[in-house]
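Q: Coordinates in query_28.txt, compact mmCIF, C-alpha atoms and all ligand atoms, are listed below.
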# COMPACT_ATOMS: atom_id res chain seq x y z
CA MET A 1 -111.48 143.77 -75.71
CA GLU A 2 -109.17 141.51 -73.74
CA ILE A 3 -109.99 140.58 -70.16
CA ASN A 4 -107.45 140.20 -67.33
CA LYS A 5 -104.42 140.76 -69.51
CA SER A 6 -100.97 140.80 -67.93
CA LEU A 7 -99.19 144.11 -68.52
CA LYS A 8 -95.76 142.60 -67.84
CA LEU A 9 -94.65 143.05 -71.43
CA TYR A 10 -96.26 146.49 -71.67
CA ASN A 11 -94.10 148.25 -69.07
CA THR A 12 -90.30 148.39 -69.15
CA PHE A 13 -90.05 147.84 -65.37
CA ARG A 14 -91.54 144.40 -66.20
CA VAL A 15 -93.97 144.58 -63.33
CA ASP A 16 -96.70 141.98 -63.54
CA CYS A 17 -99.95 143.89 -63.04
CA ILE A 18 -103.25 142.98 -64.62
CA SER A 19 -105.43 145.11 -66.87
CA GLU A 20 -108.98 143.96 -66.23
CA SER A 21 -110.18 145.38 -69.58
CA PHE A 22 -107.66 146.08 -72.33
CA ILE A 23 -108.06 147.41 -75.88
CA ASN A 24 -105.31 147.70 -78.47
CA ILE A 25 -105.99 151.01 -80.25
CA THR A 26 -104.81 151.18 -83.87
CA SER A 27 -106.66 154.24 -85.21
CA THR A 28 -108.10 157.55 -84.04
CA THR A 29 -111.56 156.25 -84.97
CA ASN A 30 -111.16 153.34 -82.55
CA LEU A 31 -109.73 155.68 -79.96
CA LYS A 32 -112.73 157.98 -80.14
CA LYS A 33 -115.14 155.06 -79.89
CA ALA A 34 -113.35 153.68 -76.85
CA LEU A 35 -113.07 157.06 -75.14
CA LEU A 36 -116.79 157.67 -75.54
CA SER A 37 -117.79 154.23 -74.28
CA ASN A 38 -120.14 154.56 -71.34
CA SER A 39 -119.30 151.22 -69.79
CA PHE A 40 -116.23 152.66 -68.08
CA ARG A 41 -116.09 156.02 -66.40
CA ASN A 42 -112.29 156.29 -66.51
CA LYS A 43 -109.87 155.32 -69.24
CA PHE A 44 -106.23 154.56 -68.60
CA ILE A 45 -103.93 155.48 -71.50
CA LEU A 46 -100.95 153.19 -72.01
CA GLY A 47 -98.17 154.07 -74.44
CA GLY A 48 -94.79 152.33 -74.56
CA GLY A 49 -94.80 151.91 -70.77
CA SER A 50 -91.25 153.20 -70.43
CA ASN A 51 -91.97 155.91 -67.90
CA LEU A 52 -94.52 154.10 -65.82
CA LEU A 53 -94.50 152.28 -62.49
CA LEU A 54 -97.55 150.10 -61.98
CA THR A 55 -98.30 149.47 -58.31
CA LYS A 56 -101.78 148.01 -58.73
CA ASN A 57 -104.05 146.24 -61.19
CA ILE A 58 -105.85 148.52 -63.64
CA LYS A 59 -109.62 148.45 -63.24
CA ASP A 60 -110.29 151.31 -65.66
CA LEU A 61 -110.54 150.60 -69.38
CA CYS A 62 -106.93 150.39 -70.55
CA LEU A 63 -106.30 151.84 -74.03
CA HIS A 64 -102.96 150.83 -75.46
CA ILE A 65 -102.10 153.45 -78.07
CA ASN A 66 -100.72 151.55 -81.02
CA ILE A 67 -101.52 153.94 -83.89
CA LYS A 68 -98.77 153.48 -86.48
CA GLY A 69 -97.53 155.50 -89.42
CA ARG A 70 -95.57 158.59 -90.34
CA LYS A 71 -95.66 161.00 -93.24
CA ILE A 72 -93.87 164.03 -94.62
CA ILE A 73 -96.28 166.93 -94.46
CA LYS A 74 -94.12 169.79 -95.75
CA GLU A 75 -90.68 170.20 -97.20
CA THR A 76 -88.51 173.20 -98.03
CA SER A 77 -84.92 173.20 -99.30
CA LYS A 78 -83.67 173.35 -95.69
CA SER A 79 -86.27 171.63 -93.54
CA ILE A 80 -88.71 168.80 -93.42
CA TYR A 81 -91.91 168.56 -91.36
CA LEU A 82 -92.71 165.02 -90.32
CA GLU A 83 -95.93 163.82 -88.77
CA ILE A 84 -95.53 160.66 -86.71
CA ASN A 85 -98.36 158.74 -85.09
CA ALA A 86 -98.33 158.12 -81.36
CA GLY A 87 -97.79 154.35 -81.47
CA GLU A 88 -94.52 154.49 -83.41
CA ASN A 89 -91.37 153.57 -81.51
CA TRP A 90 -89.18 156.57 -80.71
CA HIS A 91 -85.80 154.99 -81.42
CA LYS A 92 -86.95 153.54 -84.76
CA LEU A 93 -87.93 157.06 -85.79
CA VAL A 94 -84.49 158.39 -84.82
CA LEU A 95 -82.82 155.63 -86.85
CA TRP A 96 -85.03 156.34 -89.88
CA CYS A 97 -84.22 160.07 -89.66
CA VAL A 98 -80.48 159.41 -89.49
CA GLU A 99 -80.74 157.06 -92.49
CA ASN A 100 -82.57 159.76 -94.45
CA ASN A 101 -80.24 162.54 -93.34
CA TYR A 102 -82.86 164.45 -91.34
CA GLY A 103 -81.11 166.18 -88.46
CA GLY A 104 -82.21 167.21 -84.99
CA ILE A 105 -83.01 164.10 -82.96
CA GLU A 106 -79.80 162.06 -83.33
CA ASN A 107 -78.81 162.94 -79.73
CA LEU A 108 -82.09 161.38 -78.60
CA ALA A 109 -81.18 157.93 -79.93
CA TYR A 110 -81.94 154.83 -77.87
CA ILE A 111 -84.54 156.42 -75.63
CA PRO A 112 -87.14 153.74 -74.96
CA GLY A 113 -90.83 154.41 -75.42
CA ASN A 114 -93.25 155.59 -78.07
CA ILE A 115 -93.88 158.87 -79.85
CA GLY A 116 -97.05 159.70 -77.91
CA ALA A 117 -95.22 160.00 -74.61
CA ALA A 118 -92.40 162.19 -75.90
CA PRO A 119 -94.18 165.56 -75.49
CA ILE A 120 -95.60 164.71 -72.07
CA GLN A 121 -92.25 164.94 -70.35
CA ASN A 122 -90.38 166.78 -73.12
CA ILE A 123 -87.87 163.93 -73.43
CA GLY A 124 -84.27 165.02 -73.42
CA ALA A 125 -80.71 163.77 -73.39
CA TYR A 126 -77.18 164.88 -74.26
CA GLY A 127 -77.95 168.56 -74.72
CA VAL A 128 -81.13 168.17 -76.81
CA GLU A 129 -84.76 168.21 -75.80
CA LEU A 130 -87.87 167.40 -77.82
CA GLN A 131 -88.89 171.07 -77.72
CA ASP A 132 -85.86 171.94 -79.90
CA VAL A 133 -87.44 170.18 -82.92
CA PHE A 134 -91.10 170.15 -81.95
CA SER A 135 -93.59 171.88 -84.22
CA SER A 136 -96.99 170.71 -82.95
CA CYS A 137 -99.01 167.71 -81.83
CA MET A 138 -102.55 166.46 -82.34
CA VAL A 139 -104.48 165.40 -79.29
CA MET A 140 -107.89 163.91 -78.58
CA GLU A 141 -109.86 165.14 -75.62
CA LYS A 142 -110.67 162.16 -73.40
CA LYS A 143 -114.10 163.41 -72.41
CA THR A 144 -115.44 164.38 -75.84
CA GLY A 145 -113.25 162.65 -78.45
CA LYS A 146 -112.63 166.07 -80.02
CA ILE A 147 -109.33 166.49 -81.89
CA GLU A 148 -107.23 169.58 -81.22
CA LYS A 149 -103.86 170.87 -82.31
CA PHE A 150 -101.27 172.02 -79.74
CA THR A 151 -98.46 174.24 -80.98
CA LEU A 152 -95.02 174.47 -79.41
CA ASN A 153 -96.21 177.38 -77.26
CA ASP A 154 -99.38 175.60 -76.17
CA CYS A 155 -97.32 172.70 -74.79
CA GLU A 156 -95.48 174.90 -72.23
CA PHE A 157 -92.37 172.73 -72.33
CA ASN A 158 -89.85 172.84 -69.54
CA TYR A 159 -87.21 170.51 -68.10
CA ARG A 160 -88.97 167.09 -68.24
CA ASP A 161 -92.25 168.94 -68.06
CA SER A 162 -95.19 170.15 -70.16
CA VAL A 163 -98.78 171.31 -69.91
CA PHE A 164 -99.79 167.62 -70.14
CA LYS A 165 -98.24 167.01 -66.73
CA ASN A 166 -99.83 170.09 -65.22
CA ASN A 167 -103.03 171.97 -66.25
CA TYR A 168 -104.03 169.31 -68.78
CA LYS A 169 -102.96 166.25 -66.83
CA ASN A 170 -105.02 163.21 -67.96
CA LYS A 171 -107.27 165.37 -70.14
CA PHE A 172 -105.93 164.53 -73.60
CA VAL A 173 -104.47 161.61 -75.54
CA ILE A 174 -101.63 162.55 -77.88
CA THR A 175 -102.36 160.94 -81.25
CA SER A 176 -99.47 162.29 -83.35
CA ILE A 177 -96.61 164.77 -83.25
CA CYS A 178 -95.07 166.96 -85.91
CA LEU A 179 -91.32 167.61 -85.89
CA LYS A 180 -89.29 170.13 -87.89
CA LEU A 181 -85.95 168.60 -88.86
CA SER A 182 -83.05 169.89 -90.93
CA LYS A 183 -82.16 168.53 -94.37
CA LYS A 184 -78.77 170.22 -94.60
CA ASN A 185 -76.37 172.38 -92.55
CA HIS A 186 -77.37 170.38 -89.50
CA LYS A 187 -76.78 172.06 -86.15
CA PHE A 188 -74.88 169.39 -84.29
CA ASN A 189 -75.03 169.48 -80.52
CA LEU A 190 -71.81 168.30 -78.92
CA GLU A 191 -72.32 170.23 -75.69
CA TYR A 192 -72.28 167.09 -73.58
CA GLU A 193 -68.71 166.36 -72.54
CA GLY A 194 -68.94 162.57 -72.84
CA LEU A 195 -70.27 162.93 -76.38
CA ARG A 196 -67.42 165.21 -77.45
CA ASP A 197 -64.92 162.66 -76.11
CA GLU A 198 -66.69 159.79 -77.84
CA ILE A 199 -66.82 161.54 -81.21
CA GLU A 200 -63.20 162.74 -81.08
CA ASN A 201 -61.23 162.04 -84.28
CA LYS A 202 -64.35 161.00 -86.15
CA ASP A 203 -66.31 162.99 -88.75
CA ILE A 204 -69.08 164.96 -87.16
CA ASN A 205 -72.21 163.71 -88.90
CA LEU A 206 -75.62 162.38 -87.96
CA ARG A 207 -74.59 158.73 -88.15
CA ASN A 208 -71.48 159.14 -85.99
CA ILE A 209 -73.34 161.13 -83.35
CA PHE A 210 -76.14 158.56 -83.35
CA ASN A 211 -73.64 155.71 -82.90
CA ALA A 212 -71.76 157.59 -80.17
CA ILE A 213 -74.98 158.23 -78.22
CA ILE A 214 -75.94 154.56 -78.42
CA LYS A 215 -72.50 153.58 -77.15
CA ILE A 216 -72.67 156.04 -74.23
CA ARG A 217 -76.17 154.93 -73.26
CA LYS A 218 -75.30 151.24 -73.51
CA ASN A 219 -72.30 151.79 -71.23
CA LYS A 220 -74.22 153.66 -68.58
CA LEU A 221 -77.83 152.62 -68.69
CA PRO A 222 -79.30 149.15 -68.21
CA ASP A 223 -81.08 147.69 -71.24
CA PRO A 224 -84.77 147.37 -70.33
CA LYS A 225 -84.93 144.21 -72.44
CA LYS A 226 -82.54 142.58 -69.96
CA ILE A 227 -83.14 144.38 -66.65
CA GLY A 228 -86.46 146.06 -65.91
CA ASN A 229 -86.11 149.83 -65.55
CA CYS A 230 -87.62 153.14 -66.64
CA GLY A 231 -84.50 155.22 -67.25
CA SER A 232 -84.15 158.11 -64.84
CA PHE A 233 -86.49 157.51 -61.94
CA PHE A 234 -85.81 160.91 -60.39
CA LYS A 235 -85.56 164.41 -61.84
CA ASN A 236 -82.39 166.37 -61.21
CA PRO A 237 -83.45 168.78 -58.46
CA ILE A 238 -83.34 172.55 -58.92
CA ILE A 239 -82.51 174.35 -55.70
CA PRO A 240 -82.19 178.01 -54.65
CA SER A 241 -78.71 179.54 -54.53
CA ASN A 242 -78.51 179.89 -50.72
CA HIS A 243 -79.17 176.18 -50.34
CA PHE A 244 -76.73 175.41 -53.15
CA ASN A 245 -74.01 177.51 -51.47
CA LEU A 246 -74.41 175.61 -48.21
CA ILE A 247 -73.90 172.25 -49.95
CA GLN A 248 -71.03 173.57 -52.08
CA LYS A 249 -69.20 174.74 -48.96
CA LYS A 250 -69.16 171.17 -47.77
CA PHE A 251 -68.44 169.55 -51.14
CA ILE A 252 -66.18 171.72 -53.29
CA ASN A 253 -66.51 169.35 -56.22
CA LEU A 254 -70.29 169.48 -56.27
CA PRO A 255 -71.33 169.17 -59.94
CA TYR A 256 -74.04 171.64 -61.00
CA PHE A 257 -75.73 173.43 -63.84
CA LYS A 258 -76.53 177.08 -63.30
CA ILE A 259 -80.14 177.83 -64.26
CA SER A 260 -80.06 181.51 -63.24
CA ASN A 261 -78.42 183.62 -60.55
CA ASN A 262 -80.94 182.28 -58.11
CA PHE A 263 -81.26 178.62 -59.07
CA PHE A 264 -78.94 175.65 -59.61
CA LYS A 265 -79.67 172.18 -60.93
CA ILE A 266 -77.67 169.39 -59.36
CA PRO A 267 -77.45 165.78 -60.52
CA ALA A 268 -79.61 163.44 -58.46
CA ALA A 269 -77.07 160.73 -59.39
CA TRP A 270 -74.40 162.59 -57.44
CA LEU A 271 -76.63 162.98 -54.38
CA ILE A 272 -77.55 159.29 -54.45
CA GLU A 273 -73.92 158.28 -54.78
CA LYS A 274 -72.97 160.57 -51.89
CA VAL A 275 -75.48 158.95 -49.53
CA GLY A 276 -73.92 155.60 -50.41
CA LEU A 277 -76.79 154.11 -52.38
CA LYS A 278 -75.09 153.68 -55.76
CA GLY A 279 -75.39 149.96 -56.56
CA PHE A 280 -77.60 149.36 -53.50
CA LYS A 281 -79.60 146.15 -53.80
CA LYS A 282 -82.47 144.79 -51.75
CA ASN A 283 -84.07 141.52 -52.74
CA GLU A 284 -85.12 141.97 -56.37
CA VAL A 285 -84.80 145.75 -56.62
CA GLY A 286 -81.83 148.08 -56.68
CA VAL A 287 -80.15 151.35 -57.57
CA HIS A 288 -78.20 150.84 -60.78
CA ILE A 289 -74.45 150.51 -60.35
CA SER A 290 -73.37 152.81 -63.21
CA GLN A 291 -76.24 155.32 -63.18
CA PRO A 292 -77.82 155.72 -59.74
CA LEU A 293 -80.68 157.81 -61.18
CA VAL A 294 -82.06 154.54 -62.48
CA LEU A 295 -83.91 152.04 -60.28
CA VAL A 296 -83.96 148.46 -61.50
CA ASN A 297 -86.05 145.32 -61.20
CA TYR A 298 -83.63 142.38 -61.16
CA GLY A 299 -86.38 139.78 -61.33
CA ASN A 300 -89.97 139.63 -60.27
CA ALA A 301 -90.23 142.69 -58.06
CA SER A 302 -93.64 144.21 -57.58
CA GLY A 303 -94.41 147.85 -58.27
CA LYS A 304 -94.68 148.36 -54.53
CA ASP A 305 -91.14 146.97 -53.98
CA ILE A 306 -89.81 149.52 -56.48
CA LEU A 307 -91.85 152.35 -55.01
CA ASP A 308 -90.61 151.48 -51.50
CA LEU A 309 -87.03 151.71 -52.75
CA ALA A 310 -87.79 155.07 -54.42
CA HIS A 311 -89.12 156.42 -51.11
CA PHE A 312 -86.12 155.01 -49.26
CA VAL A 313 -83.77 156.90 -51.62
CA LYS A 314 -85.89 160.05 -51.46
CA ASN A 315 -85.96 160.00 -47.64
CA LYS A 316 -82.20 159.54 -47.40
CA ILE A 317 -81.56 162.52 -49.69
CA LYS A 318 -84.05 164.62 -47.75
CA LYS A 319 -82.35 163.75 -44.46
CA GLU A 320 -78.81 164.23 -45.72
CA PHE A 321 -79.22 167.27 -48.01
CA ASP A 322 -82.67 168.65 -47.20
CA ILE A 323 -83.56 168.23 -50.88
CA GLU A 324 -86.92 166.89 -52.00
CA LEU A 325 -86.28 164.57 -54.97
CA GLU A 326 -89.13 164.43 -57.46
CA PHE A 327 -90.10 161.28 -59.32
CA GLU A 328 -89.81 161.52 -63.08
CA VAL A 329 -91.71 158.28 -63.58
CA ASN A 330 -95.52 158.18 -63.43
CA ILE A 331 -96.71 156.12 -60.49
CA ILE A 332 -100.04 154.35 -60.94
N1 LIG B 1 -72.96 161.40 -61.44
C1 LIG B 1 -72.47 160.92 -60.26
N2 LIG B 1 -72.42 159.57 -60.09
C2 LIG B 1 -72.81 158.70 -61.03
C3 LIG B 1 -73.33 159.18 -62.25
C4 LIG B 1 -73.40 160.54 -62.43
O1 LIG B 1 -72.08 161.67 -59.38
O2 LIG B 1 -72.72 157.50 -60.79
C5 LIG B 1 -73.03 162.85 -61.65
C6 LIG B 1 -71.81 163.35 -62.42
O3 LIG B 1 -71.41 164.56 -61.87
C7 LIG B 1 -72.36 163.58 -63.81
C8 LIG B 1 -73.77 164.01 -63.48
O4 LIG B 1 -74.16 163.18 -62.39
O5 LIG B 1 -71.66 164.56 -64.48
C9 LIG B 1 -74.75 163.89 -64.61
O6 LIG B 1 -74.83 162.54 -65.00
P1 LIG B 1 -75.25 162.15 -66.49
O7 LIG B 1 -74.52 162.98 -67.45
O8 LIG B 1 -75.19 160.69 -66.61
O9 LIG B 1 -76.74 162.63 -66.68
P2 LIG B 1 -77.92 162.83 -65.67
O10 LIG B 1 -78.08 164.26 -65.34
O11 LIG B 1 -77.77 161.91 -64.53
C10 LIG B 1 -79.75 163.24 -67.50
C11 LIG B 1 -81.07 162.67 -67.90
C12 LIG B 1 -80.90 161.35 -68.65
C13 LIG B 1 -80.05 161.63 -69.88
C14 LIG B 1 -78.69 162.21 -69.40
C15 LIG B 1 -77.79 162.61 -70.53
C16 LIG B 1 -82.57 163.49 -66.17
C17 LIG B 1 -83.42 163.13 -65.02
N3 LIG B 1 -81.88 162.48 -66.73
O12 LIG B 1 -79.17 162.34 -66.56
O13 LIG B 1 -82.16 160.94 -69.09
O14 LIG B 1 -79.84 160.46 -70.62
O15 LIG B 1 -78.94 163.41 -68.64
O16 LIG B 1 -78.19 163.80 -71.09
O17 LIG B 1 -82.52 164.64 -66.56
C18 LIG B 1 -84.03 159.49 -68.75
O18 LIG B 1 -84.73 160.50 -68.67
O19 LIG B 1 -84.53 158.34 -68.65
C19 LIG B 1 -82.60 159.63 -68.91
C20 LIG B 1 -81.80 158.59 -68.87
What's the structure tokens form of this structure?

A:
Amino acid sequence: MEINKSLKLYNTFRVDCISESFINITSTTNLKKALLSNSFRNKFILGGGSNLLLTKNIKDLCLHINIKGRKIIKETSKSIYLEINAGENWHKLVLWCVENNYGGIENLAYIPGNIGAAPIQNIGAYGVELQDVFSSCMVMEKKTGKIEKFTLNDCEFNYRDSVFKNNYKNKFVITSICLKLSKKNHKFNLEYEGLRDEIENKDINLRNIFNAIIKIRKNKLPDPKKIGNCGSFFKNPIIPSNHFNLIQKKFINLPYFKISNNFFKIPAAWLIEKVGLKGFKKNEVGVHISQPLVLVNYGNASGKDILDLAHFVKNKIKKEFDIELEFEVNII
């Protein structure tokens, strides 16, 4: 166990909080032992730290899930079932799949973070979500150390949402996931307009889609290795049609995605731009200039500085549009 360890390099916002008691977990056996330890009542589970805003030091026992490895568990002529342990890096998996011609996650290239966090918020980008390729995951109950399997249905996936954010919040640790990927006749997803433009005139294959996604993301999103950030800080709000109609009357060009006759999803980035906060900067924190959904740490901002900015943005949107923005990032 390490004492008073800085978590600066363990969260992509690069916030310098301290973990009073830290263990690097490399196997499920170690995980079980740590979870059942009586010395600490609560255990804080830390994955890749790419969807996390730390606003205070961690007094609970911090378990950094670093369980590595992947294996093929089943193969047919069309599909492959891969089991990947929670501590593997997401993007490295995507790259490996593209290199081996396994299709399904190429649109999810360049998403920071580790495998274990992917099901929690059903990661998604450019027309694809984890649930589209998800088969199951193995979890360990925090209280008992018991291992259980969750199927696709059990996970209750939704837009940036799952059972692990709701009924089972903080109850389980995800130890591995199983994905079903295609080996041939890949179903390419070019729904996203920017992707179609980027791929134009090129062969449509896994490698070209993968490269196009990386290019789009690099153009729009700050690289967490250079500027601290957690990707989208806010979820795109879903609002009822009467509310949507009121806003659309005022802004004819309002971008939207129709969820049903009664609900519309609108880009938080658009709302933030409209209230004039795109590129806003205050001391060491700011709203990113090319993607206002993303809040950034330009230097040594504290978690509280970032959280204050998030509330400032949220309050402005509430006042201007009467919309309650939700945080996508976990605030600790
Ligand atoms: N927009 C603006 N101003 C801007 C940028 C965007 O008005 O400066 C509007 C435009 O109308 C644009 C729309 O926002 O068409 C949507 O923007 P974009 O396509 O960039 O995607 P997004 O809805 O803002 C979501 C995900 C991203 C994911 C992209 C691409 C959420 C919360 N975010 O963003 O996910 O990469 O789609 O699929 O759903 C992440 O979760 O960390 C993340 C980056």

Q: Show me, as a list in words, the residues that have an atom within 9 Å of A:Ala301 when counting only C-alpha atoms, minus same-chain residues fewer than 4 positions from it.

A: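 My list of contacting residues is Phe13, Arg14, Val15, Asp16, Asn283, Glu284, Val285, Asn297, Asp305 and Ile306 of chain A.
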
Q: Report, in Å with one decimal, the straight-line distance from atom CA of A:Pro292 to atom CA of A:Ile58.

A: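 Result for atom CA of A:Pro292 versus atom CA of A:Ile58: 29.2 Å, one decimal.
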
Q: For atom CA of A:Asn245 and atom O5 of ligand LIG 1 (chain B), determine how far apart the two atoms are, in Å to one decimal place.

A: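 Separation of atom CA of A:Asn245 and atom O5 of ligand LIG 1 (chain B): 18.5 Å.
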
Q: Report as a ChimeraX atom specification which protein, DNA and RNA residues come within 9 Å of ligand LIG 1 (chain B), using only C-alpha atoms and all ligand atoms.

A: /A:50-51,107-108,111-112,121,123-128,159-160,192-194,217,220-221,230-237,253-256,266-274,278,288-294,327-329

Q: With C-alpha atoms retained, export the selected residues as a CSV table (one decimal), in the frame of the given file.

A:
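As a result, result-v8.csv now contains:
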chain,number,residue,atom,x,y,z
A,50,SER,CA,-91.2,153.2,-70.4
A,51,ASN,CA,-92.0,155.9,-67.9
A,107,ASN,CA,-78.8,162.9,-79.7
A,108,LEU,CA,-82.1,161.4,-78.6
A,111,ILE,CA,-84.5,156.4,-75.6
A,112,PRO,CA,-87.1,153.7,-75.0
A,121,GLN,CA,-92.2,164.9,-70.4
A,123,ILE,CA,-87.9,163.9,-73.4
A,124,GLY,CA,-84.3,165.0,-73.4
A,125,ALA,CA,-80.7,163.8,-73.4
A,126,TYR,CA,-77.2,164.9,-74.3
A,127,GLY,CA,-78.0,168.6,-74.7
A,128,VAL,CA,-81.1,168.2,-76.8
A,159,TYR,CA,-87.2,170.5,-68.1
A,160,ARG,CA,-89.0,167.1,-68.2
A,192,TYR,CA,-72.3,167.1,-73.6
A,193,GLU,CA,-68.7,166.4,-72.5
A,194,GLY,CA,-68.9,162.6,-72.8
A,217,ARG,CA,-76.2,154.9,-73.3
A,220,LYS,CA,-74.2,153.7,-68.6
A,221,LEU,CA,-77.8,152.6,-68.7
A,230,CYS,CA,-87.6,153.1,-66.6
A,231,GLY,CA,-84.5,155.2,-67.2
A,232,SER,CA,-84.2,158.1,-64.8
A,233,PHE,CA,-86.5,157.5,-61.9
A,234,PHE,CA,-85.8,160.9,-60.4
A,235,LYS,CA,-85.6,164.4,-61.8
A,236,ASN,CA,-82.4,166.4,-61.2
A,237,PRO,CA,-83.4,168.8,-58.5
A,253,ASN,CA,-66.5,169.4,-56.2
A,254,LEU,CA,-70.3,169.5,-56.3
A,255,PRO,CA,-71.3,169.2,-59.9
A,256,TYR,CA,-74.0,171.6,-61.0
A,266,ILE,CA,-77.7,169.4,-59.4
A,267,PRO,CA,-77.4,165.8,-60.5
A,268,ALA,CA,-79.6,163.4,-58.5
A,269,ALA,CA,-77.1,160.7,-59.4
A,270,TRP,CA,-74.4,162.6,-57.4
A,271,LEU,CA,-76.6,163.0,-54.4
A,272,ILE,CA,-77.6,159.3,-54.4
A,273,GLU,CA,-73.9,158.3,-54.8
A,274,LYS,CA,-73.0,160.6,-51.9
A,278,LYS,CA,-75.1,153.7,-55.8
A,288,HIS,CA,-78.2,150.8,-60.8
A,289,ILE,CA,-74.4,150.5,-60.4
A,290,SER,CA,-73.4,152.8,-63.2
A,291,GLN,CA,-76.2,155.3,-63.2
A,292,PRO,CA,-77.8,155.7,-59.7
A,293,LEU,CA,-80.7,157.8,-61.2
A,294,VAL,CA,-82.1,154.5,-62.5
A,327,PHE,CA,-90.1,161.3,-59.3
A,328,GLU,CA,-89.8,161.5,-63.1
A,329,VAL,CA,-91.7,158.3,-63.6

Q: With only C-alpha atoms counted, which protein, DNA or RNA residues have an atom no more than 12 Å from (-93.7, 175.8, -77.5) in the file frame? Please answer as a ChimeraX atom specification.

A: /A:119,122,129-137,150-158,161-163,179

Q: Excluding A:Asn101 and any residue of its chain fewer than 2 positions from it, enumerate the residues within 9 Å of it, using only C-alpha atoms, and give them as a list of chain:residue names.

A: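 The residues satisfying every condition are A:Trp96, A:Cys97, A:Val98, A:Glu99, A:Gly103, A:Ser182, A:Lys183, A:Lys184, A:Leu206, A:Arg207.
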
Q: Rounded to one decimal in Å, what is the spacing between atom CA of A:Glu88 and atom CA of A:Ile25?

A: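 Separating atom CA of A:Glu88 from atom CA of A:Ile25 is a distance of 12.4 Å.
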
Q: Check the smallest atom-to-atom distance from each of A:Ser79, A:Ser19, A:Asn242, A:Asn315 to A:Asn4 using all atoms listed in the file, then report the winner.

A: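 So, comparing all the options, the nearest one is A:Ser19.
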
Q: With distances taken over only C-alpha atoms, which residue among A:Gly228, A:Asp223, A:Ile84, A:Tyr110 lies nearest A:Ser302?

A: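 Closest to A:Ser302, using only C-alpha atoms: A:Gly228.
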
Q: Closest to A:Thr144 among A:Val173, A:Phe244, A:Val296, A:Gly49, using all atoms listed in the file?

A: A:Val173

Q: Compare A:Asn201, A:Ser176, A:Asn66, A:Asn189 by their minimum atom-to-atom distance to A:Glu83, counting all atoms listed in the file, and give me the closest one.

A: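 Closest to A:Glu83 of all the choices is A:Ser176.
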
Q: Counting only C-alpha atoms, which residue out of A:Gly87, A:Val139, A:Ser260, A:Asn211 sits closest to A:Gly69?

A: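 For A:Gly69, the nearest of the given residues is A:Gly87.
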
Q: Can you tell me, as a ChimeraX atom specification, what residues are no more than 8 Å from A:Glu141 when counting all atoms listed in the file, ignoring any on the same chain fewer than 5 positions away?

A: /A:146-148,171-173

Q: Check the smallest atom-to-atom distance from each of A:Gly279, A:Thr12, A:Thr76, A:Asp322 to A:Gly113 using all atoms listed in the file, then report the winner.

A: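 Closest to A:Gly113, using all atoms listed in the file: A:Thr12.
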
Q: Let me have the centre and edge lengths in Å, one decimal, of the box along x, y and z around every listed atom of stretch 214-222 of chain A with 8 Å of margin on each side, as JSON.

A:
{"center_x": -75.8, "center_y": 152.6, "center_z": -73.3, "size_x": 23.0, "size_y": 22.9, "size_z": 26.2}
